[in-house]
file final_23.txt (compact mmCIF, C-alpha atoms and all ligand atoms)
# COMPACT_ATOMS: atom_id res chain seq x y z
CA MET A 48 146.61 211.32 66.94
CA ARG A 49 148.57 211.27 63.67
CA THR A 50 149.04 214.59 61.91
CA HIS A 51 147.38 215.15 58.59
CA ALA A 52 150.78 215.42 56.88
CA SER A 53 151.75 211.96 58.08
CA LEU A 54 148.39 210.58 56.94
CA ILE A 55 148.92 212.03 53.47
CA SER A 56 152.42 210.61 53.20
CA LYS A 57 150.81 207.13 53.13
CA LEU A 58 149.95 207.71 49.45
CA LYS A 59 152.09 205.21 47.54
CA ALA A 60 151.42 206.07 43.86
CA LYS A 61 154.38 207.82 42.23
CA ARG A 62 152.89 209.25 39.03
CA ILE A 63 149.44 210.76 39.28
CA LEU A 64 147.04 212.35 36.80
CA VAL A 65 144.82 215.21 37.97
CA THR A 66 142.00 215.92 35.50
CA GLY A 67 140.82 219.51 35.88
CA GLY A 68 144.15 220.30 37.59
CA ALA A 69 144.15 223.94 36.41
CA GLY A 70 140.90 224.58 38.27
CA PHE A 71 140.25 225.79 41.79
CA ILE A 72 140.43 222.54 43.81
CA GLY A 73 142.56 220.70 41.24
CA SER A 74 145.41 223.20 41.34
CA HIS A 75 145.60 223.00 45.14
CA ILE A 76 145.81 219.21 45.01
CA VAL A 77 148.55 219.47 42.37
CA ASP A 78 150.59 221.73 44.67
CA LEU A 79 150.18 219.34 47.60
CA LEU A 80 151.10 216.25 45.56
CA LEU A 81 154.23 217.98 44.22
CA GLU A 82 155.16 218.94 47.79
CA GLN A 83 154.90 215.22 48.61
CA GLY A 84 157.46 214.48 45.87
CA LYS A 85 154.99 212.95 43.41
CA GLN A 86 155.17 213.21 39.62
CA VAL A 87 152.02 215.01 38.55
CA HIS A 88 150.30 215.13 35.16
CA VAL A 89 147.45 217.58 34.60
CA LEU A 90 144.87 217.26 31.83
CA ASP A 91 142.78 220.40 31.47
CA ASN A 92 141.03 222.11 28.56
CA LEU A 93 141.16 225.47 30.39
CA SER A 94 137.41 225.95 29.97
CA SER A 95 137.16 227.29 33.52
CA GLY A 96 140.69 226.58 34.79
CA ARG A 97 143.63 228.96 34.51
CA LEU A 98 147.35 228.43 33.94
CA ALA A 99 147.92 231.12 36.57
CA ASN A 100 146.69 228.59 39.17
CA LEU A 101 149.64 226.37 38.22
CA GLU A 102 152.39 229.00 38.49
CA THR A 103 154.15 227.28 41.39
CA ALA A 104 153.60 223.81 39.93
CA GLN A 105 155.22 224.79 36.65
CA GLU A 106 158.50 225.44 38.43
CA SER A 107 158.75 221.75 39.35
CA PRO A 108 160.52 219.22 37.08
CA ASN A 109 157.97 216.67 38.33
CA PHE A 110 155.06 218.54 36.75
CA HIS A 111 153.65 218.02 33.25
CA PHE A 112 150.74 219.97 31.82
CA PHE A 113 148.65 218.49 29.00
CA GLN A 114 146.22 220.95 27.48
CA GLY A 115 143.43 218.80 26.12
CA ASP A 116 139.91 217.53 26.52
CA LEU A 117 138.68 214.46 28.36
CA LEU A 118 136.24 213.93 25.52
CA ASP A 119 139.25 213.30 23.24
CA PHE A 120 140.58 209.75 23.62
CA LYS A 121 144.09 210.67 22.43
CA ASP A 122 144.41 213.67 24.76
CA THR A 123 143.41 211.54 27.72
CA SER A 124 145.63 208.56 26.76
CA ARG A 125 148.65 210.84 26.43
CA ALA A 126 148.07 212.50 29.80
CA LEU A 127 147.43 209.15 31.51
CA GLU A 128 150.64 207.52 30.31
CA GLY A 129 152.45 205.80 33.19
CA CYS A 130 150.00 207.07 35.84
CA GLU A 131 148.93 204.69 38.60
CA LEU A 132 146.39 206.98 40.22
CA VAL A 133 143.87 209.52 38.88
CA PHE A 134 142.22 212.38 40.73
CA HIS A 135 139.22 213.03 38.49
CA LEU A 136 138.09 216.61 39.06
CA ALA A 137 137.42 217.93 35.55
CA ALA A 138 133.79 218.98 35.33
CA ASN A 139 131.45 221.86 34.74
CA PRO A 140 130.68 222.86 38.35
CA GLN A 141 128.12 225.57 37.58
CA VAL A 142 124.95 224.05 39.04
CA ARG A 143 122.66 226.73 37.61
CA THR A 144 123.77 226.10 34.00
CA GLY A 145 121.99 222.75 34.16
CA ILE A 146 118.60 224.49 34.22
CA THR A 147 118.98 226.02 30.76
CA ASN A 148 121.55 223.63 29.26
CA PRO A 149 121.20 220.10 30.68
CA GLU A 150 123.02 218.65 27.66
CA LEU A 151 126.17 220.54 28.70
CA HIS A 152 126.14 218.87 32.13
CA PHE A 153 125.51 215.50 30.53
CA GLN A 154 128.51 215.93 28.21
CA GLN A 155 130.89 217.62 30.65
CA ASN A 156 129.99 215.70 33.79
CA VAL A 157 128.89 212.25 32.59
CA VAL A 158 130.35 211.56 29.13
CA THR A 159 133.76 212.92 30.24
CA THR A 160 133.78 210.41 33.12
CA PHE A 161 132.77 207.60 30.78
CA GLN A 162 135.56 208.51 28.32
CA LEU A 163 138.13 208.60 31.11
CA LEU A 164 136.98 205.18 32.33
CA GLU A 165 137.27 203.81 28.81
CA VAL A 166 140.89 204.99 28.55
CA ILE A 167 141.62 203.51 31.99
CA ARG A 168 140.05 200.19 30.92
CA GLN A 169 142.14 200.04 27.76
CA THR A 170 145.50 201.23 29.15
CA LYS A 171 145.37 199.00 32.27
CA THR A 172 148.07 200.93 34.22
CA VAL A 173 145.73 202.66 36.65
CA LYS A 174 145.35 201.12 40.12
CA GLY A 175 143.09 203.77 41.61
CA LEU A 176 140.76 206.69 40.98
CA VAL A 177 139.49 209.43 43.30
CA PHE A 178 136.35 211.22 42.15
CA THR A 179 134.97 214.55 43.34
CA SER A 180 131.25 213.97 43.62
CA SER A 181 128.95 216.39 45.39
CA SER A 182 126.54 216.79 48.29
CA THR A 183 123.95 217.81 45.66
CA ILE A 184 123.37 214.12 44.85
CA TYR A 185 121.30 213.88 48.08
CA GLY A 186 118.83 216.57 46.95
CA ASP A 187 116.58 217.75 49.79
CA ALA A 188 117.70 215.06 52.25
CA GLN A 189 115.25 214.44 55.08
CA LEU A 190 118.07 213.47 57.44
CA LEU A 191 120.69 216.03 58.55
CA PRO A 192 123.58 215.43 58.96
CA THR A 193 123.21 213.15 55.95
CA PRO A 194 125.24 209.90 56.06
CA GLU A 195 126.70 208.20 52.98
CA ASP A 196 124.12 205.38 53.15
CA TYR A 197 121.15 207.78 53.13
CA GLY A 198 118.49 206.86 50.60
CA PRO A 199 116.62 206.85 48.39
CA ILE A 200 118.85 209.46 46.78
CA LYS A 201 116.90 212.03 44.78
CA PRO A 202 119.07 214.75 43.18
CA MET A 203 117.24 217.96 42.31
CA SER A 204 119.65 219.45 39.76
CA MET A 205 121.12 218.16 36.51
CA TYR A 206 124.52 218.69 38.13
CA GLY A 207 123.60 216.40 41.06
CA ALA A 208 122.12 213.84 38.69
CA ALA A 209 125.28 213.88 36.56
CA LYS A 210 127.49 213.35 39.60
CA LEU A 211 125.34 210.43 40.74
CA ALA A 212 125.49 208.91 37.24
CA SER A 213 129.29 209.26 37.29
CA GLU A 214 129.44 207.56 40.69
CA GLY A 215 127.56 204.59 39.22
CA LEU A 216 129.83 204.37 36.18
CA ILE A 217 132.97 204.57 38.32
CA SER A 218 131.73 201.90 40.72
CA SER A 219 130.90 199.53 37.88
CA TYR A 220 134.23 200.02 36.05
CA ALA A 221 136.21 199.64 39.30
CA HIS A 222 134.50 196.33 40.09
CA THR A 223 134.72 195.01 36.54
CA HIS A 224 138.20 196.18 35.61
CA GLY A 225 140.03 195.73 38.90
CA PHE A 226 141.05 199.19 40.10
CA ARG A 227 140.11 200.94 43.36
CA ALA A 228 137.74 203.89 43.38
CA VAL A 229 137.17 206.45 46.10
CA ILE A 230 134.14 208.69 45.70
CA CYS A 231 134.22 211.89 47.75
CA ARG A 232 130.92 213.74 48.09
CA LEU A 233 132.03 217.31 48.70
CA ALA A 234 130.17 220.01 50.61
CA ASN A 235 130.73 223.61 49.41
CA ILE A 236 134.45 224.06 48.99
CA ILE A 237 135.80 227.58 49.35
CA GLY A 238 139.16 229.32 49.40
CA PRO A 239 141.67 231.13 47.23
CA ARG A 240 141.54 230.60 43.42
CA ALA A 241 137.76 229.91 43.40
CA LYS A 242 136.09 231.75 40.53
CA ILE A 243 132.51 231.02 41.55
CA GLY A 244 130.56 230.50 44.77
CA VAL A 245 128.74 232.67 47.24
CA VAL A 246 131.76 234.31 48.91
CA ARG A 247 133.33 235.34 45.61
CA ASP A 248 129.91 236.46 44.31
CA PHE A 249 129.31 238.71 47.33
CA ILE A 250 132.80 240.24 47.15
CA ASP A 251 132.39 240.94 43.43
CA LYS A 252 128.98 242.56 43.98
CA LEU A 253 130.15 244.65 46.94
CA HIS A 254 133.17 245.79 44.97
CA LYS A 255 130.76 247.27 42.40
CA THR A 256 128.14 248.64 44.84
CA PRO A 257 129.60 248.86 48.38
CA ASN A 258 126.32 249.98 50.00
CA ARG A 259 123.99 247.31 48.60
CA LEU A 260 124.13 243.51 48.30
CA GLU A 261 121.70 241.44 46.29
CA ILE A 262 121.19 237.99 47.83
CA LEU A 263 119.65 235.20 45.77
CA GLY A 264 116.82 233.46 47.66
CA ASP A 265 115.59 234.38 51.14
CA GLY A 266 119.01 234.17 52.84
CA THR A 267 118.04 231.23 55.07
CA GLN A 268 119.79 228.65 52.87
CA THR A 269 122.08 226.98 55.40
CA LYS A 270 124.95 224.75 54.28
CA SER A 271 128.30 223.30 55.19
CA TYR A 272 131.47 225.01 53.90
CA LEU A 273 134.95 223.50 53.90
CA TYR A 274 138.22 225.33 53.29
CA VAL A 275 140.06 224.06 50.22
CA SER A 276 143.27 223.05 52.05
CA GLU A 277 141.16 220.75 54.24
CA CYS A 278 139.32 219.32 51.24
CA ILE A 279 142.47 218.28 49.39
CA GLU A 280 143.89 216.56 52.47
CA CYS A 281 140.70 214.51 52.60
CA LEU A 282 140.82 213.59 48.90
CA ILE A 283 144.30 212.17 49.38
CA LEU A 284 143.84 210.39 52.67
CA CYS A 285 140.49 208.81 51.75
CA TYR A 286 142.45 206.95 49.07
CA ALA A 287 145.68 206.42 50.99
CA LEU A 288 144.07 204.97 54.10
CA THR A 289 141.43 202.67 52.62
CA GLN A 290 141.47 199.38 50.79
CA ARG A 291 138.04 198.36 49.57
CA GLN A 292 137.28 198.24 45.85
CA VAL A 293 134.87 201.16 46.10
CA GLU A 294 134.74 203.57 49.02
CA ILE A 295 132.36 206.51 49.48
CA PHE A 296 133.05 209.44 51.82
CA ASN A 297 131.22 212.63 52.66
CA VAL A 298 133.72 215.49 52.83
CA GLY A 299 132.63 218.63 54.68
CA SER A 300 132.84 220.54 57.93
CA GLU A 301 130.89 219.64 61.06
CA ASP A 302 128.51 222.58 61.06
CA ARG A 303 126.84 224.93 58.61
CA THR A 304 126.20 228.59 58.10
CA SER A 305 123.45 230.62 56.43
CA VAL A 306 123.73 232.84 53.38
CA LYS A 307 122.70 235.75 55.59
CA GLU A 308 125.58 235.05 57.99
CA ILE A 309 127.97 234.80 55.05
CA ALA A 310 126.83 238.25 53.89
CA GLN A 311 127.54 239.61 57.38
CA ILE A 312 131.02 238.04 57.53
CA VAL A 313 131.94 239.30 54.05
CA THR A 314 130.81 242.88 54.71
CA GLU A 315 132.70 242.86 58.02
CA VAL A 316 135.91 241.55 56.42
CA MET A 317 135.59 244.21 53.69
CA GLY A 318 135.18 246.86 56.39
CA LEU A 319 131.80 248.00 55.04
CA ALA A 320 129.11 249.42 57.30
CA ASP A 321 125.38 249.97 56.65
CA VAL A 322 125.16 247.61 53.68
CA GLU A 323 121.57 247.14 52.60
CA LEU A 324 120.86 243.42 52.09
CA GLN A 325 118.35 242.95 49.26
CA TYR A 326 116.84 239.45 49.09
CA SER A 327 115.62 238.28 45.69
CA GLY A 328 113.09 236.07 47.51
CA GLY A 329 114.11 233.19 45.25
CA VAL A 330 112.00 230.32 43.97
CA ASP A 331 110.19 227.33 45.53
CA GLY A 332 110.15 228.71 49.11
CA GLY A 333 113.30 230.83 49.17
CA ARG A 334 115.76 228.73 47.14
CA GLY A 335 118.41 230.77 45.28
CA TRP A 336 117.42 229.07 42.03
CA LYS A 337 115.49 226.03 40.85
CA GLY A 338 117.29 222.95 42.21
CA ASP A 339 119.21 224.88 44.91
CA VAL A 340 119.35 222.66 48.01
CA LYS A 341 118.32 224.85 50.98
CA GLN A 342 119.68 222.81 53.86
CA MET A 343 122.88 220.78 53.63
CA LEU A 344 125.00 219.18 56.31
CA LEU A 345 126.97 216.01 55.71
CA ASP A 346 127.63 213.34 58.31
CA ILE A 347 131.42 213.06 58.27
CA SER A 348 131.81 210.29 60.89
CA ARG A 349 133.29 207.92 58.31
CA LEU A 350 135.96 210.50 57.41
CA LYS A 351 136.76 211.13 61.07
CA GLU A 352 137.26 207.41 61.62
CA LEU A 353 140.32 207.77 59.35
CA GLY A 354 141.84 210.11 61.96
CA TRP A 355 140.97 213.38 60.19
CA ASN A 356 139.19 216.27 61.87
CA PRO A 357 138.22 219.63 60.36
CA ARG A 358 140.12 222.59 61.79
CA TYR A 359 137.69 225.29 60.65
CA THR A 360 133.98 225.72 61.25
CA SER A 361 131.93 226.78 58.21
CA ALA A 362 131.93 230.42 59.37
CA GLN A 363 135.71 230.37 59.94
CA ALA A 364 136.21 228.93 56.43
CA VAL A 365 134.06 231.74 55.01
CA ARG A 366 136.06 234.38 56.89
CA ALA A 367 139.41 232.88 55.81
CA THR A 368 138.18 232.79 52.20
CA ALA A 369 136.99 236.39 52.24
CA GLU A 370 140.35 237.47 53.70
CA ALA A 371 142.26 235.47 51.07
CA PHE A 372 140.14 237.00 48.28
CA LEU A 373 140.79 240.50 49.54
CA GLU A 374 144.52 239.79 49.44
CA GLU A 375 144.09 238.71 45.82
CA PHE A 376 141.73 241.66 45.33
CA SER A 377 143.90 243.93 43.20
CA THR A 378 145.05 241.04 40.98
CA ILE A 379 141.49 239.80 40.46
CA TYR A 380 139.92 243.14 39.63
CA ASP A 381 142.88 244.66 37.79
CA SER A 382 143.14 241.71 35.40
CA GLY A 383 139.38 241.18 35.08
CA LEU A 384 139.69 237.41 35.77
N1 LIG B 401 133.89 223.82 44.40
C1 LIG B 401 132.96 223.15 45.07
O1 LIG B 401 132.32 223.66 46.00
C2 LIG B 401 132.65 221.72 44.69
C3 LIG B 401 131.67 221.03 45.45
C4 LIG B 401 131.38 219.71 45.10
C5 LIG B 401 132.04 219.10 44.05
N2 LIG B 401 132.97 219.80 43.32
C6 LIG B 401 133.65 219.14 42.21
O2 LIG B 401 135.06 219.29 42.37
C7 LIG B 401 135.67 219.36 41.07
C8 LIG B 401 136.52 220.60 40.96
O3 LIG B 401 135.67 221.74 41.10
P1 LIG B 401 136.24 223.22 41.07
O4 LIG B 401 135.38 224.01 41.96
O5 LIG B 401 137.71 223.19 41.28
O6 LIG B 401 135.89 223.64 39.57
P2 LIG B 401 136.79 224.33 38.44
O7 LIG B 401 135.86 224.77 37.36
O8 LIG B 401 137.68 225.35 39.03
O9 LIG B 401 137.67 223.11 37.92
C9 LIG B 401 137.25 222.22 36.90
C10 LIG B 401 138.41 222.09 35.93
O10 LIG B 401 138.06 221.14 34.93
C11 LIG B 401 138.49 221.62 33.66
N3 LIG B 401 137.66 220.94 32.66
C12 LIG B 401 136.30 221.03 32.51
N4 LIG B 401 135.88 220.23 31.51
C13 LIG B 401 136.98 219.61 31.02
C14 LIG B 401 137.19 218.65 29.99
N5 LIG B 401 136.18 218.19 29.24
N6 LIG B 401 138.47 218.22 29.74
C15 LIG B 401 139.50 218.70 30.48
N7 LIG B 401 139.36 219.60 31.48
C16 LIG B 401 138.12 220.05 31.75
C17 LIG B 401 138.28 223.13 33.74
O11 LIG B 401 139.02 223.88 32.81
C18 LIG B 401 138.72 223.40 35.19
O12 LIG B 401 140.10 223.66 35.26
C19 LIG B 401 134.54 219.28 40.06
O13 LIG B 401 134.37 217.94 39.68
C20 LIG B 401 133.34 219.75 40.87
O14 LIG B 401 132.14 219.26 40.33
C21 LIG B 401 133.27 221.10 43.62
call {"tool": "encode", "arguments": {"input": "final_23.txt", "output": "structure tokens", "more": "lines below"}}
Ligand SMILES: NC(=O)c1ccc[n+]([C@@H]2O[C@H](COP(=O)([O-])OP(=O)(O)OC[C@H]3O[C@@H](n4cnc5c(N)ncnc54)[C@H](O)[C@@H]3O)[C@@H](O)[C@H]2O)c1
result
Amino acid sequence: MRTHASLISKLKAKRILVTGGAGFIGSHIVDLLLEQGKQVHVLDNLSSGRLANLETAQESPNFHFFQGDLLDFKDTSRALEGCELVFHLAANPQVRTGITNPELHFQQNVVTTFQLLEVIRQTKTVKGLVFTSSSTIYGDAQLLPTPEDYGPIKPMSMYGAAKLASEGLISSYAHTHGFRAVICRLANIIGPRAKIGVVRDFIDKLHKTPNRLEILGDGTQTKSYLYVSECIECLILCYALTQRQVEIFNVGSEDRTSVKEIAQIVTEVMGLADVELQYSGGVDGGRGWKGDVKQMLLDISRLKELGWNPRYTSAQAVRATAEAFLEEFSTIYDSGL
């Protein structure tokens, strides 16, 4: 079987824009693209991203950072200049915010995509776009693992709805304006540089109160987790190895783990004993919050047909993430990031 590195080297585009490239996943993809010798532009408004994530990238002459907003036509046009391929990651990924501020998700996760597509339509240099959609579009899927052609799709959160709306816009622009689009529906992505998510949340809480951990919901929420280095390989090869106008891939690991098991792994990695787990009980039958999907496992057969296989199970990804966070520990807590 081909190695992942050789699969990734099939990517032909020379100059690439990464929207949201100062964020968690975006900055890892930037590093990998630069390693592959690509010229990389990043457009980011630093709303949740950090320049510190791009420290290594900034040492490269092939890297250009554009601080700006996707909602601003000029910012986006400038960053897109000469780019043949776009990894579109900029978004507000905080699912819970959509409960109290749906307008924010509409602006940051739908209108931003529309504005980007408008610039692509008018500049005509872009040949392809890769979009980070989400498993949340499936809502409470009745079929696990859930394949890409599962339907009818019924998202339960504003975030999931916004991602599904963006998928539709991207598909229509790709067909009408002649560029390729690859939509990747991501499971929970974890690893170093993440500012949110259950592993980071537990470590932050345990840092403050090492003998007690509050868990949102009833702890039985069971989902698929993928380590960030695996995720970015998939984003690249799903584009590099396919040809159709619009392709859709689930991107996740092959198994799942429960919130309760994550709590156990995190406390073990932190070397804490006798931690009292306090369950909030949650809403709507143990969900962490309204719209939280309790069971999620993606069918990744389509991805595996490309020759890619996950190296980590969900639990191994959680452990590796907790270990990576603890290494960053002093930096994170000393600087208050
Ligand atoms: N992390 C996950 O588990 C996960 C799961 C499914 C999908 N996704 C998607 O993957 C992408 C990356 O997620 P992440 O976890 O790295 O989040 P992140 O918040 O770390 O990254 C998002 C980046 O987008 C930037 N941004 C936001 N709005 C912008 C705007 N209007 N103009 C320019 N830049 C803007 C932010 O500053 C940030 O750097 C997002 O689209 C997210 O919805 C993430």
call {"tool": "residues_near_point", "arguments": {"input": "final_23.txt", "point": "(146.2, 223.2, 54.3)", "cutoff": "10 Å", "atoms": "only C-alpha atoms", "output": "list in words"}}
result
His51, Ala52, His75, Leu79, Tyr274, Val275, Ser276, Glu277, Cys278, Ile279, Glu280 and Arg358 of chain A
call {"tool": "closest_residue", "arguments": {"input": "final_23.txt", "among": "A:Leu345, A:Ile309, A:Val246, A:Leu98", "to": "Leu373 (chain A)", "atoms": "all atoms listed in the file"}}
result
A:Val246
call {"tool": "closest_residue", "arguments": {"input": "final_23.txt", "among": "A:Thr267, A:Phe71, A:Asp78, A:Ala138", "to": "Asn92 (chain A)", "atoms": "all atoms listed in the file"}}
result
A:Ala138
call {"tool": "residues_near_ligand", "arguments": {"input": "final_23.txt", "ligand": "ligand LIG 401 (chain B)", "cutoff": "6 Å", "atoms": "only C-alpha atoms and all ligand atoms", "output": "ChimeraX atom specification"}}
result
/A:67-73,90-96,115-118,136-140,155,159,179-181,233-236
call {"tool": "residues_around", "arguments": {"input": "final_23.txt", "residues": "Thr160 (chain A)", "least_positions_apart": "2", "cutoff": "12 Å", "atoms": "all atoms listed in the file", "output": "mmCIF file with C-alpha atoms, keeping the file's coordinate frame"}}
result
data_model
loop_
_atom_site.group_PDB
_atom_site.id
_atom_site.type_symbol
_atom_site.label_atom_id
_atom_site.label_comp_id
_atom_site.auth_asym_id
_atom_site.auth_seq_id
_atom_site.Cartn_x
_atom_site.Cartn_y
_atom_site.Cartn_z
ATOM 1 C CA THR A 66 142.000 215.920 35.500
ATOM 2 C CA GLY A 67 140.820 219.510 35.880
ATOM 3 C CA ASP A 116 139.910 217.530 26.520
ATOM 4 C CA LEU A 117 138.680 214.460 28.360
ATOM 5 C CA LEU A 118 136.240 213.930 25.520
ATOM 6 C CA ASP A 119 139.250 213.300 23.240
ATOM 7 C CA PHE A 120 140.580 209.750 23.620
ATOM 8 C CA THR A 123 143.410 211.540 27.720
ATOM 9 C CA VAL A 133 143.870 209.520 38.880
ATOM 10 C CA PHE A 134 142.220 212.380 40.730
ATOM 11 C CA HIS A 135 139.220 213.030 38.490
ATOM 12 C CA LEU A 136 138.090 216.610 39.060
ATOM 13 C CA ALA A 137 137.420 217.930 35.550
ATOM 14 C CA ALA A 138 133.790 218.980 35.330
ATOM 15 C CA ASN A 139 131.450 221.860 34.740
ATOM 16 C CA HIS A 152 126.140 218.870 32.130
ATOM 17 C CA PHE A 153 125.510 215.500 30.530
ATOM 18 C CA GLN A 154 128.510 215.930 28.210
ATOM 19 C CA GLN A 155 130.890 217.620 30.650
ATOM 20 C CA ASN A 156 129.990 215.700 33.790
ATOM 21 C CA VAL A 157 128.890 212.250 32.590
ATOM 22 C CA VAL A 158 130.350 211.560 29.130
ATOM 23 C CA GLN A 162 135.560 208.510 28.320
ATOM 24 C CA LEU A 163 138.130 208.600 31.110
ATOM 25 C CA LEU A 164 136.980 205.180 32.330
ATOM 26 C CA GLU A 165 137.270 203.810 28.810
ATOM 27 C CA VAL A 166 140.890 204.990 28.550
ATOM 28 C CA ILE A 167 141.620 203.510 31.990
ATOM 29 C CA LEU A 176 140.760 206.690 40.980
ATOM 30 C CA VAL A 177 139.490 209.430 43.300
ATOM 31 C CA PHE A 178 136.350 211.220 42.150
ATOM 32 C CA THR A 179 134.970 214.550 43.340
ATOM 33 C CA SER A 180 131.250 213.970 43.620
ATOM 34 C CA ALA A 209 125.280 213.880 36.560
ATOM 35 C CA LYS A 210 127.490 213.350 39.600
ATOM 36 C CA LEU A 211 125.340 210.430 40.740
ATOM 37 C CA ALA A 212 125.490 208.910 37.240
ATOM 38 C CA SER A 213 129.290 209.260 37.290
ATOM 39 C CA GLU A 214 129.440 207.560 40.690
ATOM 40 C CA GLY A 215 127.560 204.590 39.220
ATOM 41 C CA LEU A 216 129.830 204.370 36.180
ATOM 42 C CA ILE A 217 132.970 204.570 38.320
ATOM 43 C CA SER A 218 131.730 201.900 40.720
ATOM 44 C CA TYR A 220 134.230 200.020 36.050
#
call {"tool": "atom_distance", "arguments": {"input": "final_23.txt", "atom1": "CA of Thr256 (chain A)", "atom2": "CA of Glu308 (chain A)"}}
result
19.1 Å
call {"tool": "atom_distance", "arguments": {"input": "final_23.txt", "atom1": "CA of Gly84 (chain A)", "atom2": "CA of Thr289 (chain A)"}}
result
21.0 Å
call {"tool": "residues_near_point", "arguments": {"input": "final_23.txt", "point": "(119.9, 240.5, 48.1)", "cutoff": "8 Å", "atoms": "only C-alpha atoms", "output": "list in words"}}
result
Arg259, Leu260, Glu261, Ile262, Leu263, Gly264, Gly266, Leu324, Gln325, Tyr326 and Ser327 of chain A
call {"tool": "closest_residue", "arguments": {"input": "final_23.txt", "among": "A:Cys281, A:Ile237, A:Met343, A:Val330", "to": "Ala364 (chain A)", "atoms": "only C-alpha atoms"}}
result
A:Ile237
call {"tool": "closest_residue", "arguments": {"input": "final_23.txt", "among": "A:Arg125, A:His222, A:Arg366, A:Lys351", "to": "Gly238 (chain A)", "atoms": "all atoms listed in the file"}}
result
A:Arg366
call {"tool": "atom_distance", "arguments": {"input": "final_23.txt", "atom1": "CA of Gly129 (chain A)", "atom2": "CA of Thr172 (chain A)"}}
result
6.6 Å
call {"tool": "residues_around", "arguments": {"input": "final_23.txt", "residues": "Asp196 (chain A)", "least_positions_apart": "3", "cutoff": "12 Å", "atoms": "all atoms listed in the file", "output": "list in words"}}
result
Tyr185, Ala188, Leu190, Pro192, Thr193, Pro199, Ile200, Arg232, Glu294, Ile295, Phe296, Asn297, Leu345, Asp346, Ile347, Ser348 and Arg349 of chain A
call {"tool": "residues_around", "arguments": {"input": "final_23.txt", "residues": "Lys201 (chain A)", "least_positions_apart": "5", "cutoff": "8 Å", "atoms": "all atoms listed in the file", "output": "VMD selection string"}}
result
chain A and resid 184 to 187
call {"tool": "closest_residue", "arguments": {"input": "final_23.txt", "among": "A:Pro194, A:Gly175, A:Pro239, A:Pro357", "to": "Gly225 (chain A)", "atoms": "all atoms listed in the file"}}
result
A:Gly175
call {"tool": "closest_residue", "arguments": {"input": "final_23.txt", "among": "A:Gly335, A:Tyr206, A:Val77, A:Thr103", "to": "Asn148 (chain A)", "atoms": "all atoms listed in the file"}}
result
A:Tyr206
call {"tool": "axis_aligned_box", "arguments": {"input": "final_23.txt", "around": "region 258-272 of chain A", "padding_each_side": "8 Å", "output": "lines of an AutoDock Vina configuration file"}}
result
center_x = 123.5
center_y = 236.6
center_z = 50.6
size_x = 31.9
size_y = 42.7
size_z = 25.6
call {"tool": "residues_around", "arguments": {"input": "final_23.txt", "residues": "Gln292 (chain A)", "least_positions_apart": "4", "cutoff": "7 Å", "atoms": "only C-alpha atoms", "output": "list in words"}}
result
Ala221, His222, Phe226, Arg227 and Ala228 of chain A
call {"tool": "decode", "arguments": {"input": "final_23.txt", "residues": "region 319-330 of chain A", "atoms": "N, CA and C atoms", "output": "mmCIF file, in the first residue's frame"}}
result
data_model
loop_
_atom_site.group_PDB
_atom_site.id
_atom_site.type_symbol
_atom_site.label_atom_id
_atom_site.label_comp_id
_atom_site.auth_asym_id
_atom_site.auth_seq_id
_atom_site.Cartn_x
_atom_site.Cartn_y
_atom_site.Cartn_z
ATOM 1 N N LEU A 319 -3.916 11.773 38.080
ATOM 2 C CA LEU A 319 -4.800 12.100 39.198
ATOM 3 C C LEU A 319 -5.566 10.854 39.634
ATOM 4 N N ALA A 320 -5.669 10.674 40.944
ATOM 5 C CA ALA A 320 -6.433 9.528 41.452
ATOM 6 C C ALA A 320 -7.647 10.062 42.208
ATOM 7 N N ASP A 321 -8.662 9.215 42.367
ATOM 8 C CA ASP A 321 -9.861 9.555 43.150
ATOM 9 C C ASP A 321 -10.535 10.852 42.708
ATOM 10 N N VAL A 322 -10.662 11.034 41.395
ATOM 11 C CA VAL A 322 -11.364 12.228 40.913
ATOM 12 C C VAL A 322 -12.858 11.924 40.931
ATOM 13 N N GLU A 323 -13.614 12.815 41.547
ATOM 14 C CA GLU A 323 -15.069 12.617 41.583
ATOM 15 C C GLU A 323 -15.662 13.137 40.278
ATOM 16 N N LEU A 324 -16.355 12.252 39.534
ATOM 17 C CA LEU A 324 -16.974 12.678 38.272
ATOM 18 C C LEU A 324 -18.388 13.153 38.577
ATOM 19 N N GLN A 325 -18.675 14.408 38.272
ATOM 20 C CA GLN A 325 -20.007 14.968 38.562
ATOM 21 C C GLN A 325 -20.734 15.217 37.240
ATOM 22 N N TYR A 326 -21.788 14.452 36.995
ATOM 23 C CA TYR A 326 -22.522 14.587 35.726
ATOM 24 C C TYR A 326 -23.594 15.656 35.855
ATOM 25 N N SER A 327 -23.645 16.555 34.872
ATOM 26 C CA SER A 327 -24.676 17.605 34.929
ATOM 27 C C SER A 327 -26.057 17.013 34.635
ATOM 28 N N GLY A 328 -26.089 15.813 34.047
ATOM 29 C CA GLY A 328 -27.364 15.189 33.679
ATOM 30 C C GLY A 328 -27.775 15.601 32.275
ATOM 31 N N GLY A 329 -27.499 16.862 31.933
ATOM 32 C CA GLY A 329 -27.739 17.346 30.572
ATOM 33 C C GLY A 329 -29.192 17.601 30.254
ATOM 34 N N VAL A 330 -29.477 17.697 28.960
ATOM 35 C CA VAL A 330 -30.833 17.987 28.490
ATOM 36 C C VAL A 330 -31.272 16.909 27.506
#
